[in-house]
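Text of the file start.txt, holding compact mmCIF, C-alpha atoms:
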# COMPACT_ATOMS: atom_id res chain seq x y z
CA MET A 1 12.34 -2.52 24.97
CA GLN A 2 11.59 0.42 22.67
CA SER A 3 7.97 1.56 22.62
CA LEU A 4 5.98 0.79 19.48
CA LEU A 5 3.32 3.44 20.20
CA PRO A 6 4.92 6.18 18.02
CA PHE A 7 4.93 3.77 15.09
CA ALA A 8 1.28 2.87 15.68
CA GLY A 9 0.46 6.60 15.73
CA PHE A 10 2.29 7.17 12.46
CA TYR A 11 0.48 4.27 10.77
CA PHE A 12 -2.85 5.65 12.01
CA THR A 13 -2.38 9.15 10.58
CA TYR A 14 -0.66 7.93 7.40
CA PHE A 15 -3.60 5.73 6.51
CA THR A 16 -6.25 8.28 7.43
CA PHE A 17 -4.85 10.07 4.38
CA GLN A 18 -5.23 6.87 2.38
CA GLY A 19 -8.76 6.41 3.71
CA MET A 20 -9.76 9.72 2.17
CA PHE A 21 -7.57 9.62 -0.93
CA SER A 22 -8.21 6.11 -2.24
CA PRO A 23 -12.05 6.05 -2.20
CA PHE A 24 -12.74 9.69 -3.09
CA TRP A 25 -9.88 11.24 -5.05
CA GLY A 26 -10.98 9.61 -8.30
CA LEU A 27 -14.50 10.98 -7.75
CA TYR A 28 -13.01 14.46 -7.21
CA LEU A 29 -11.02 14.23 -10.43
CA GLU A 30 -14.11 13.08 -12.30
CA SER A 31 -15.96 16.14 -10.95
CA LEU A 32 -13.33 18.27 -12.74
CA SER A 33 -14.39 16.59 -16.04
CA PHE A 34 -11.09 14.79 -16.55
CA SER A 35 -11.11 11.80 -18.90
CA ALA A 36 -10.59 8.21 -17.71
CA TRP A 37 -7.02 8.35 -19.06
CA GLN A 38 -6.27 11.61 -17.24
CA ILE A 39 -7.73 10.20 -14.02
CA SER A 40 -5.64 7.03 -14.35
CA ILE A 41 -2.48 9.14 -14.87
CA LEU A 42 -3.14 11.33 -11.83
CA MET A 43 -4.10 8.34 -9.68
CA ALA A 44 -0.96 6.51 -10.83
CA LEU A 45 1.34 9.30 -9.64
CA SER A 46 1.34 7.89 -6.13
CA THR A 47 2.47 4.54 -7.47
CA PHE A 48 4.97 6.11 -9.88
CA ALA A 49 6.53 7.85 -6.88
CA ARG A 50 6.94 4.46 -5.25
CA ILE A 51 9.18 3.45 -8.16
CA VAL A 52 11.65 6.32 -7.71
CA ALA A 53 11.51 7.42 -4.08
CA PRO A 54 11.78 4.31 -1.85
CA GLY A 55 14.98 2.98 -3.42
CA PHE A 56 16.76 6.32 -3.04
CA TRP A 57 15.54 7.02 0.49
CA GLY A 58 16.13 3.41 1.57
CA TRP A 59 19.71 3.58 0.29
CA LEU A 60 20.28 6.88 2.08
CA ALA A 61 18.82 5.51 5.33
CA ASP A 62 20.89 2.31 5.17
CA LYS A 63 24.04 4.32 4.42
CA SER A 64 23.52 6.79 7.27
CA GLY A 65 21.97 4.31 9.71
CA ARG A 66 19.44 7.00 10.66
CA ARG A 67 15.86 7.14 9.43
CA ARG A 68 14.10 9.70 11.62
CA ASN A 69 15.32 12.88 9.89
CA ILE A 70 14.29 11.50 6.50
CA ILE A 71 10.85 10.51 7.79
CA ILE A 72 10.25 13.99 9.26
CA THR A 73 11.60 16.01 6.32
CA THR A 74 9.75 14.10 3.62
CA SER A 75 6.47 14.09 5.56
CA VAL A 76 6.59 17.88 6.00
CA LEU A 77 7.45 18.49 2.33
CA SER A 78 4.70 16.13 1.18
CA ALA A 79 2.08 18.02 3.17
CA ALA A 80 3.36 21.42 2.01
CA SER A 81 3.25 20.35 -1.65
CA PHE A 82 -0.25 18.90 -1.44
CA CYS A 83 -1.58 22.14 0.05
CA LEU A 84 -0.99 23.69 -3.41
CA VAL A 85 -3.21 21.19 -5.24
CA GLY A 86 -6.50 22.91 -4.45
CA LEU A 87 -5.37 26.33 -5.71
CA HIS A 88 -6.08 25.51 -9.38
CA ASN A 89 -8.18 22.92 -11.25
CA GLY A 90 -6.01 22.56 -14.35
CA PHE A 91 -4.69 19.09 -15.21
CA TRP A 92 -1.03 20.07 -15.40
CA TRP A 93 -1.14 22.11 -12.18
CA ILE A 94 -2.58 19.13 -10.30
CA PHE A 95 -0.14 16.80 -12.05
CA VAL A 96 2.95 18.76 -10.94
CA CYS A 97 1.74 19.35 -7.37
CA LEU A 98 0.78 15.71 -6.92
CA ALA A 99 4.04 14.46 -8.44
CA VAL A 100 6.12 16.52 -6.00
CA SER A 101 3.93 15.65 -3.00
CA HIS A 102 3.89 11.93 -3.75
CA PHE A 103 7.67 11.82 -4.26
CA PHE A 104 8.16 12.88 -0.65
CA TRP A 105 5.09 10.97 0.63
CA ALA A 106 6.46 7.68 -0.73
CA ALA A 107 9.66 7.99 1.30
CA ALA A 108 8.47 7.68 4.88
CA LEU A 109 6.40 4.49 4.98
CA PRO A 110 9.10 1.99 3.90
CA LEU A 111 11.47 3.43 6.51
CA VAL A 112 8.83 3.19 9.24
CA GLU A 113 8.07 -0.35 8.06
CA ALA A 114 11.73 -1.32 8.26
CA SER A 115 12.03 0.08 11.80
CA THR A 116 8.84 -1.65 12.96
CA ALA A 117 9.89 -4.93 11.39
CA TYR A 118 13.30 -4.69 13.08
CA LEU A 119 11.81 -4.01 16.52
CA THR A 120 9.44 -6.97 16.15
CA ARG A 121 11.98 -9.29 14.50
CA ASP A 122 11.94 -11.79 17.37
CA ASN A 123 8.15 -12.09 17.14
CA PRO A 124 7.03 -11.17 13.59
CA GLY A 125 3.37 -11.48 14.54
CA ARG A 126 3.75 -8.36 16.71
CA TYR A 127 4.35 -6.34 13.54
CA SER A 128 0.71 -6.87 12.54
CA ARG A 129 -0.50 -5.64 15.95
CA VAL A 130 1.25 -2.32 15.25
CA ARG A 131 0.39 -2.12 11.55
CA VAL A 132 -3.30 -2.67 12.31
CA TRP A 133 -3.52 0.96 13.49
CA GLY A 134 -3.04 1.99 9.90
CA SER A 135 -6.11 -0.02 8.97
CA ILE A 136 -8.07 1.58 11.81
CA GLY A 137 -7.09 5.03 10.54
CA PHE A 138 -8.19 4.09 7.03
CA VAL A 139 -11.59 2.91 8.27
CA CYS A 140 -12.19 6.12 10.22
CA LEU A 141 -11.96 8.24 7.06
CA ALA A 142 -13.43 5.77 4.58
CA MET A 143 -16.58 5.44 6.68
CA THR A 144 -17.01 9.16 7.31
CA GLY A 145 -15.44 10.67 4.19
CA GLY A 146 -18.47 10.20 1.95
CA TYR A 147 -20.79 11.89 4.43
CA LEU A 148 -18.21 14.64 4.99
CA LEU A 149 -18.11 15.33 1.25
CA ASP A 150 -21.91 15.29 1.03
CA TRP A 151 -21.87 18.03 3.68
CA MET A 152 -18.91 20.09 2.48
CA GLY A 153 -19.08 19.34 -1.24
CA ILE A 154 -16.70 17.37 -3.48
CA ALA A 155 -14.64 20.55 -4.08
CA ALA A 156 -13.41 20.35 -0.46
CA THR A 157 -11.56 17.08 -1.13
CA PRO A 158 -8.03 18.54 -1.64
CA TRP A 159 -8.30 20.64 1.51
CA ILE A 160 -9.43 17.69 3.63
CA VAL A 161 -6.58 15.58 2.24
CA SER A 162 -4.08 18.40 2.91
CA ALA A 163 -5.18 18.56 6.55
CA LEU A 164 -4.69 14.82 6.90
CA LEU A 165 -1.15 15.04 5.47
CA ILE A 166 -0.34 17.78 7.98
CA GLY A 167 -1.39 15.27 10.65
CA VAL A 168 1.07 12.75 9.17
CA ALA A 169 3.85 15.34 9.36
CA LEU A 170 3.08 16.10 13.01
CA THR A 171 3.19 12.43 14.06
CA ALA A 172 6.45 11.94 12.14
CA PHE A 173 8.18 14.06 14.81
CA LYS A 174 7.26 11.41 17.39
CA VAL A 175 8.88 8.52 15.51
CA PRO A 176 12.25 7.65 17.12
CA ASP A 177 15.42 6.61 15.39
CA VAL A 178 15.97 2.86 15.37
CA VAL A 179 19.63 1.94 15.09
CA THR A 180 20.23 -1.67 14.15
CA GLN A 181 22.82 -3.55 16.15
CA SER A 182 26.03 -4.30 14.35
CA ARG A 183 26.55 -7.95 13.58
CA SER A 184 29.83 -9.81 13.75
CA LYS A 185 29.05 -11.37 10.38
CA GLN A 186 29.28 -8.80 7.61
CA ALA A 187 26.46 -8.98 5.07
CA GLY A 188 27.45 -9.58 1.46
CA PRO A 189 26.28 -7.44 -1.45
CA ILE A 190 22.50 -7.14 -1.68
CA TRP A 191 22.70 -8.35 -5.27
CA ASP A 192 23.70 -11.83 -4.02
CA THR A 193 20.30 -12.05 -2.34
CA LEU A 194 18.32 -10.41 -5.13
CA LYS A 195 19.40 -12.93 -7.75
CA LYS A 196 18.16 -15.95 -5.77
CA PRO A 197 15.20 -17.62 -7.55
CA MET A 198 13.03 -17.54 -4.42
CA VAL A 199 13.62 -13.79 -3.97
CA ILE A 200 12.84 -13.14 -7.64
CA ALA A 201 9.63 -15.17 -7.25
CA LEU A 202 8.67 -13.18 -4.14
CA PHE A 203 9.04 -9.87 -5.95
CA ALA A 204 7.15 -11.28 -8.95
CA CYS A 205 4.24 -12.30 -6.70
CA CYS A 206 4.22 -8.86 -5.08
CA PHE A 207 4.29 -7.20 -8.50
CA LEU A 208 1.39 -9.27 -9.82
CA GLN A 209 -0.72 -8.76 -6.70
CA ALA A 210 -0.19 -4.99 -6.88
CA PHE A 211 -0.83 -5.00 -10.64
CA ALA A 212 -4.16 -6.72 -9.97
CA HIS A 213 -5.03 -4.04 -7.40
CA GLY A 214 -4.04 -1.12 -9.67
CA PRO A 215 -7.48 -0.84 -11.36
CA TYR A 216 -9.15 -1.32 -7.98
CA TYR A 217 -7.51 1.76 -6.45
CA THR A 218 -8.19 3.79 -9.61
CA PHE A 219 -11.63 2.73 -10.83
CA TYR A 220 -13.45 0.80 -8.09
CA SER A 221 -15.26 3.89 -6.76
CA LEU A 222 -16.18 4.95 -10.29
CA GLY A 223 -17.52 1.47 -10.98
CA LEU A 224 -19.66 1.60 -7.84
CA LYS A 225 -20.99 5.00 -8.90
CA ASP A 226 -21.90 3.60 -12.34
CA PHE A 227 -23.93 0.86 -10.63
CA GLY A 228 -25.85 3.41 -8.58
CA TYR A 229 -24.03 3.37 -5.22
CA ASP A 230 -23.95 6.77 -3.49
CA LYS A 231 -20.88 8.29 -1.76
CA GLY A 232 -21.91 6.92 1.63
CA ALA A 233 -22.20 3.38 0.24
CA VAL A 234 -18.87 3.76 -1.56
CA GLY A 235 -17.16 4.75 1.67
CA MET A 236 -18.83 1.94 3.62
CA LEU A 237 -17.69 -0.69 1.10
CA TRP A 238 -14.12 0.59 1.24
CA ALA A 239 -14.33 0.59 5.03
CA LEU A 240 -15.71 -2.97 5.09
CA GLY A 241 -12.62 -4.25 3.31
CA VAL A 242 -10.36 -2.63 5.87
CA ILE A 243 -12.46 -3.68 8.88
CA VAL A 244 -11.97 -7.35 8.00
CA GLU A 245 -8.32 -6.51 7.26
CA ILE A 246 -8.03 -5.35 10.88
CA GLY A 247 -9.30 -8.73 12.05
CA VAL A 248 -6.64 -10.55 10.06
CA PHE A 249 -3.88 -8.26 11.32
CA MET A 250 -4.97 -8.91 14.92
CA LEU A 251 -4.94 -12.66 14.34
CA MET A 252 -1.67 -12.66 12.41
CA PRO A 253 0.55 -13.84 15.31
CA ARG A 254 -1.60 -16.96 15.60
CA ILE A 255 -1.83 -17.43 11.84
CA MET A 256 1.94 -17.16 11.42
CA ARG A 257 2.57 -19.71 14.14
CA ARG A 258 0.35 -22.19 12.33
CA PHE A 259 1.03 -21.61 8.64
CA GLY A 260 4.16 -20.99 6.60
CA LEU A 261 4.69 -17.60 4.98
CA GLU A 262 4.76 -19.12 1.50
CA ALA A 263 1.34 -20.75 2.06
CA LEU A 264 -0.05 -17.40 3.22
CA MET A 265 1.28 -15.68 0.10
CA LEU A 266 -0.37 -18.34 -2.08
CA THR A 267 -3.67 -17.94 -0.23
CA SER A 268 -3.63 -14.19 -0.81
CA LEU A 269 -3.20 -14.64 -4.55
CA VAL A 270 -5.95 -17.27 -4.83
CA ALA A 271 -8.26 -14.92 -2.93
CA ALA A 272 -7.41 -12.12 -5.38
CA VAL A 273 -8.47 -14.26 -8.34
CA LEU A 274 -11.84 -14.82 -6.69
CA ARG A 275 -12.25 -11.24 -5.48
CA PHE A 276 -11.58 -9.50 -8.78
CA GLY A 277 -13.55 -12.08 -10.69
CA LEU A 278 -16.56 -11.25 -8.51
CA ILE A 279 -16.05 -7.50 -8.93
CA ALA A 280 -15.86 -7.96 -12.70
CA THR A 281 -19.10 -9.92 -12.94
CA CYS A 282 -21.29 -9.22 -9.89
CA LEU A 283 -20.69 -5.66 -8.70
CA ALA A 284 -24.39 -4.81 -9.17
CA SER A 285 -25.23 -7.12 -6.25
CA PRO A 286 -24.61 -5.37 -2.89
CA ALA A 287 -24.24 -8.70 -1.09
CA ILE A 288 -21.62 -10.01 -3.51
CA ALA A 289 -19.90 -6.63 -3.60
CA ALA A 290 -19.64 -6.77 0.20
CA PHE A 291 -18.26 -10.34 0.10
CA ALA A 292 -15.66 -9.33 -2.49
CA GLN A 293 -14.61 -6.45 -0.25
CA ALA A 294 -14.31 -8.81 2.71
CA LEU A 295 -11.67 -10.70 0.71
CA HIS A 296 -9.47 -7.60 1.07
CA ALA A 297 -8.42 -9.13 4.38
CA LEU A 298 -6.64 -11.81 2.38
CA THR A 299 -5.59 -9.95 -0.76
CA TYR A 300 -4.01 -7.09 1.20
CA ALA A 301 -3.48 -7.84 4.91
CA LEU A 302 -2.42 -11.47 4.51
CA HIS A 303 -0.36 -10.66 1.44
CA HIS A 304 1.41 -7.68 3.02
CA ALA A 305 2.20 -9.42 6.31
CA SER A 306 3.57 -12.51 4.55
CA ALA A 307 5.65 -10.34 2.19
CA ILE A 308 7.17 -8.40 5.10
CA GLY A 309 7.94 -11.66 6.91
CA LEU A 310 9.60 -13.16 3.85
CA LEU A 311 11.66 -10.02 3.23
CA ASN A 312 12.93 -10.06 6.80
CA ARG A 313 13.84 -13.72 6.52
CA LEU A 314 15.52 -13.58 3.11
CA PHE A 315 17.51 -10.34 3.49
CA ALA A 316 20.28 -9.50 5.97
CA GLU A 317 19.37 -6.86 8.54
CA GLN A 318 21.89 -4.44 7.00
CA HIS A 319 19.81 -4.55 3.80
CA HIS A 320 16.33 -4.23 5.29
CA GLY A 321 15.89 -0.54 4.37
CA ARG A 322 16.71 -1.21 0.72
CA ALA A 323 14.68 -4.43 0.72
CA GLN A 324 11.62 -2.54 1.94
CA GLY A 325 12.21 0.10 -0.72
CA LEU A 326 12.53 -2.50 -3.46
CA TYR A 327 9.35 -4.18 -2.25
CA ILE A 328 7.47 -0.87 -2.53
CA ILE A 329 8.98 -0.28 -5.99
CA ALA A 330 8.14 -3.73 -7.37
CA SER A 331 4.65 -3.90 -5.90
CA PHE A 332 2.91 -0.56 -5.28
CA GLY A 333 5.29 1.23 -7.68
CA VAL A 334 5.73 -0.68 -10.93
CA GLY A 335 2.91 -3.14 -10.31
CA GLY A 336 0.28 -0.71 -9.03
CA SER A 337 0.99 2.01 -11.59
CA GLY A 338 1.14 -0.48 -14.46
CA GLY A 339 -2.18 -2.03 -13.50
CA GLY A 340 -3.80 1.37 -13.03
CA LEU A 341 -2.60 2.75 -16.36
CA ILE A 342 -3.56 -0.31 -18.37
CA GLY A 343 -6.89 -0.23 -16.57
CA GLY A 344 -7.24 3.36 -17.81
CA LEU A 345 -6.86 2.13 -21.39
CA ILE A 346 -9.37 -0.69 -20.91
CA TRP A 347 -11.97 1.19 -18.85
CA PRO A 348 -13.54 3.17 -21.76
CA HIS A 349 -14.12 -0.11 -23.63
CA GLY A 350 -16.46 -1.88 -21.24
CA GLY A 351 -15.80 -0.51 -17.76
CA VAL A 352 -15.88 -2.93 -14.84
CA LEU A 353 -16.03 -6.27 -16.68
CA PRO A 354 -12.87 -6.19 -18.83
CA THR A 355 -10.89 -4.06 -16.39
CA PHE A 356 -11.30 -6.34 -13.38
CA THR A 357 -11.09 -9.48 -15.49
CA MET A 358 -7.56 -8.30 -16.25
CA SER A 359 -6.97 -7.99 -12.50
CA ALA A 360 -8.14 -11.55 -11.88
CA ALA A 361 -5.89 -12.82 -14.69
CA ALA A 362 -2.83 -11.09 -13.21
CA ALA A 363 -3.49 -12.64 -9.80
CA LEU A 364 -3.87 -16.06 -11.47
CA VAL A 365 -0.41 -15.73 -12.99
CA GLY A 366 0.82 -14.95 -9.48
CA VAL A 367 -0.72 -18.20 -8.23
CA PHE A 368 1.32 -20.16 -10.79
CA VAL A 369 4.54 -18.30 -9.93
CA CYS A 370 4.00 -18.96 -6.23
CA LEU A 371 3.32 -22.66 -6.76
CA ARG A 372 6.33 -23.11 -9.01
CA TRP A 373 9.08 -21.06 -7.33
CA LEU A 374 8.01 -19.76 -3.90
CA LYS A 375 8.33 -22.95 -1.90
CA PRO A 376 8.99 -23.28 1.83
CA PRO A 377 12.43 -24.41 3.01
CA HIS A 378 12.81 -28.13 3.63
CA ARG A 379 13.86 -27.68 7.24
CA GLY A 380 10.47 -26.33 8.33
CA VAL A 381 11.65 -22.74 8.73
CA ARG A 382 8.88 -20.23 8.19

Have the structure of the file written as structure tokens, please.
Amino acid sequence: MQSLLPFAGFYFTYFTFQGMFSPFWGLYLESLSFSAWQISILMALSTFARIVAPGFWGWLADKSGRRRNIIITTSVLSAASFCLVGLHNGFWWIFVCLAVSHFFWAAALPLVEASTAYLTRDNPGRYSRVRVWGSIGFVCLAMTGGYLLDWMGIAATPWIVSALLIGVALTAFKVPDVVTQSRSKQAGPIWDTLKKPMVIALFACCFLQAFAHGPYYTFYSLGLKDFGYDKGAVGMLWALGVIVEIGVFMLMPRIMRRFGLEALMLTSLVAAVLRFGLIATCLASPAIAAFAQALHALTYALHHASAIGLLNRLFAEQHHGRAQGLYIIASFGVGGSGGGLIGGLIWPHGGVLPTFTMSAAAALVGVFVCLRWLKPPHRGVR
């Protein structure tokens, strides 16, 4: 049996980058006196990249049957591009450097996900035990990043992030190639699967969940700052969400044995309605803010694990690379960037309340889609 440790190591370093970038990059951009619209554009570049890059790299990986070289090359180029960001504070300089870096950065994760999912295909719950190391990496930086910036200054943010991306590139060299076994039954065109109503509903639910999270990844830290939370508290709240996420990932094998994937997807969307409704109305209360962050275990971990499980079940193994890429495009790409950009238009006209009310409304639409079209098979297959 192939070792899963290199994949766990990659997840860990990949999400240490996220643990620094997601909570603190918006604060860094605000320190450069960028407007809310400029911040939303720069924050959305990572999600824009997930529209273009994963489909192309997934197609190339499926065609060649080899993923390792793509993972290594794109990770190295992403780190090299990001190292240029801190050389100038102009909007367009940062825009171009981030756009190039994120294009390569968005390539590796779906390919690693596809390999991990394939290796754990006989026991999907094991996937979560590997993926949890990404959450652990996120917590390590989210909890310490605020204090690190208090010590080094907010201007050090791009250099810290660059160092973390170099770490991602180094661990990429440890990730092995995973060659899927040829099947006697040839898979049909991927389009035959994509046009099935249940598959369309799955991608719609993923899009709406990511759309709801778009303002969260762009403006949550700024909202906390407006309510008087310092950088340490901001980092701790981000870390809290991922700590409870770790718990759900560790329990996922048990959860998946007991509940159907469709029911888990529905639960994640209902939790998102509650979570973003609380952020919209009660962010001033530390206790309620902490509870809303705890719901991240459901709105992200439960959602992501159920989405991966459904993709593996609904798509042929020969199409898993492209399926993972399309999932990233529909959710974190189109959904996340759309939510973040529209949040950027709403934010100047009321801040937290209207922006996160929109998030709750998007998740509510997802609840209705899930109830109507994402139903479990009649034969009890999960």

Item to check | Selected residue, from A:Leu119, A:Leu371, A:Ala8, A:Leu149, that lies nearest to Tyr28 of chain A when counting all atoms listed in the file | outcome: A:Leu149

Item to check | Within 8 Å of Gly167 of chain A using all atoms listed in the file, minus same-chain residues under 4 positions, as a list in words | outcome: Thr13, Ala163 and Thr171 of chain A

Checklist entry - Can you tell me, as an NGL selection string, what residues are no more than 9 Å from Trp159 of chain A when counting all atoms listed in the file, ignoring any on the same chain fewer than 4 positions away? => result :A and (82-83 or 85-86 or 155 or 163-164)

Checklist entry - Counting all atoms listed in the file, which of A:Gly335, A:Pro286, A:Gly350, A:Gly137 gets nearest to Leu237 of chain A? => result A:Pro286

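Between atom CA of Leu111 of chain A and atom CA of Leu266 of chain A lies a distance of 26.2 Å.
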
Next on the checklist: Can you pull out the residues contacting segment 291-294 of chain A? Cut-off 10 Å, using all atoms listed in the file, and skip same-chain residues under 5 positions away; I want them as a ChimeraX atom specification.
Outcome noted: /A:237-245,271-272,274-279,282-283,285-286,299

Item to check | Atom pair atom CA of Pro354 of chain A / atom CA of Phe207 of chain A: separation (Å) | outcome: 20.1 Å

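Nearest-residue note for His213 of chain A: choosing from A:Leu27, A:Ala36, A:Ala44, A:Ala172, the minimum distance belongs to A:Ala44, counting all atoms listed in the file.
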
Extract segment 57-138 of chain A from the structure I just pasted (atoms: C-alpha atoms) and return it as a tab-separated table (two decimals), in the first residue's frame.
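What landed in part-v1.tsv:
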chain	number	residue	atom	x	y	z
A	57	TRP	CA	-4.02	21.17	-15.37
A	58	GLY	CA	-6.58	18.45	-14.61
A	59	TRP	CA	-7.02	17.77	-18.34
A	60	LEU	CA	-3.25	17.63	-18.83
A	61	ALA	CA	-2.82	15.27	-15.85
A	62	ASP	CA	-5.63	12.96	-17.00
A	63	LYS	CA	-4.21	12.90	-20.54
A	64	SER	CA	-0.65	12.12	-19.44
A	65	GLY	CA	-1.60	9.92	-16.48
A	66	ARG	CA	1.16	11.63	-14.47
A	67	ARG	CA	0.59	14.35	-11.88
A	68	ARG	CA	3.87	14.69	-10.00
A	69	ASN	CA	5.77	16.83	-12.52
A	70	ILE	CA	2.85	19.26	-12.75
A	71	ILE	CA	2.58	19.51	-8.96
A	72	ILE	CA	6.31	20.25	-8.61
A	73	THR	CA	6.60	22.72	-11.50
A	74	THR	CA	3.56	24.78	-10.58
A	75	SER	CA	4.46	24.89	-6.89
A	76	VAL	CA	7.96	26.21	-7.67
A	77	LEU	CA	6.66	28.84	-10.12
A	78	SER	CA	3.99	29.97	-7.66
A	79	ALA	CA	6.57	30.58	-4.94
A	80	ALA	CA	8.95	32.36	-7.33
A	81	SER	CA	6.18	34.69	-8.55
A	82	PHE	CA	4.97	35.57	-5.06
A	83	CYS	CA	8.49	36.54	-4.01
A	84	LEU	CA	8.10	39.56	-6.35
A	85	VAL	CA	4.97	40.88	-4.61
A	86	GLY	CA	6.79	42.65	-1.78
A	87	LEU	CA	9.13	44.58	-4.08
A	88	HIS	CA	6.56	47.32	-4.83
A	89	ASN	CA	3.35	48.57	-3.20
A	90	GLY	CA	1.51	49.70	-6.33
A	91	PHE	CA	-1.88	48.15	-7.06
A	92	TRP	CA	-1.06	46.97	-10.58
A	93	TRP	CA	2.32	45.52	-9.58
A	94	ILE	CA	0.66	43.46	-6.84
A	95	PHE	CA	-2.19	42.55	-9.19
A	96	VAL	CA	0.13	41.11	-11.88
A	97	CYS	CA	2.41	39.27	-9.44
A	98	LEU	CA	-0.53	37.76	-7.57
A	99	ALA	CA	-2.31	36.77	-10.79
A	100	VAL	CA	0.74	34.85	-12.04
A	101	SER	CA	1.45	33.27	-8.65
A	102	HIS	CA	-2.13	32.18	-8.08
A	103	PHE	CA	-2.42	30.69	-11.59
A	104	PHE	CA	0.32	28.21	-10.72
A	105	TRP	CA	-0.74	27.88	-7.06
A	106	ALA	CA	-4.24	26.75	-8.09
A	107	ALA	CA	-2.88	23.83	-10.10
A	108	ALA	CA	-1.38	21.57	-7.46
A	109	LEU	CA	-4.12	21.06	-4.88
A	110	PRO	CA	-6.78	19.44	-7.14
A	111	LEU	CA	-4.17	16.99	-8.43
A	112	VAL	CA	-3.06	16.10	-4.91
A	113	GLU	CA	-6.72	15.76	-3.93
A	114	ALA	CA	-7.39	13.42	-6.84
A	115	SER	CA	-4.39	11.24	-5.91
A	116	THR	CA	-5.36	11.12	-2.23
A	117	ALA	CA	-8.96	10.32	-3.07
A	118	TYR	CA	-7.84	7.51	-5.40
A	119	LEU	CA	-5.55	5.95	-2.79
A	120	THR	CA	-8.34	6.04	-0.19
A	121	ARG	CA	-11.12	5.02	-2.59
A	122	ASP	CA	-11.84	1.75	-0.76
A	123	ASN	CA	-12.29	3.61	2.52
A	124	PRO	CA	-13.31	7.24	1.79
A	125	GLY	CA	-13.17	8.15	5.47
A	126	ARG	CA	-9.37	7.74	5.35
A	127	TYR	CA	-9.21	10.74	3.02
A	128	SER	CA	-10.24	13.00	5.90
A	129	ARG	CA	-7.48	11.58	8.13
A	130	VAL	CA	-4.93	12.75	5.54
A	131	ARG	CA	-6.64	16.03	4.68
A	132	VAL	CA	-6.80	16.99	8.36
A	133	TRP	CA	-3.08	17.84	8.23
A	134	GLY	CA	-3.99	20.78	6.04
A	135	SER	CA	-6.25	22.05	8.80
A	136	ILE	CA	-3.48	21.57	11.36
A	137	GLY	CA	-1.12	23.61	9.18
A	138	PHE	CA	-3.72	26.36	8.86
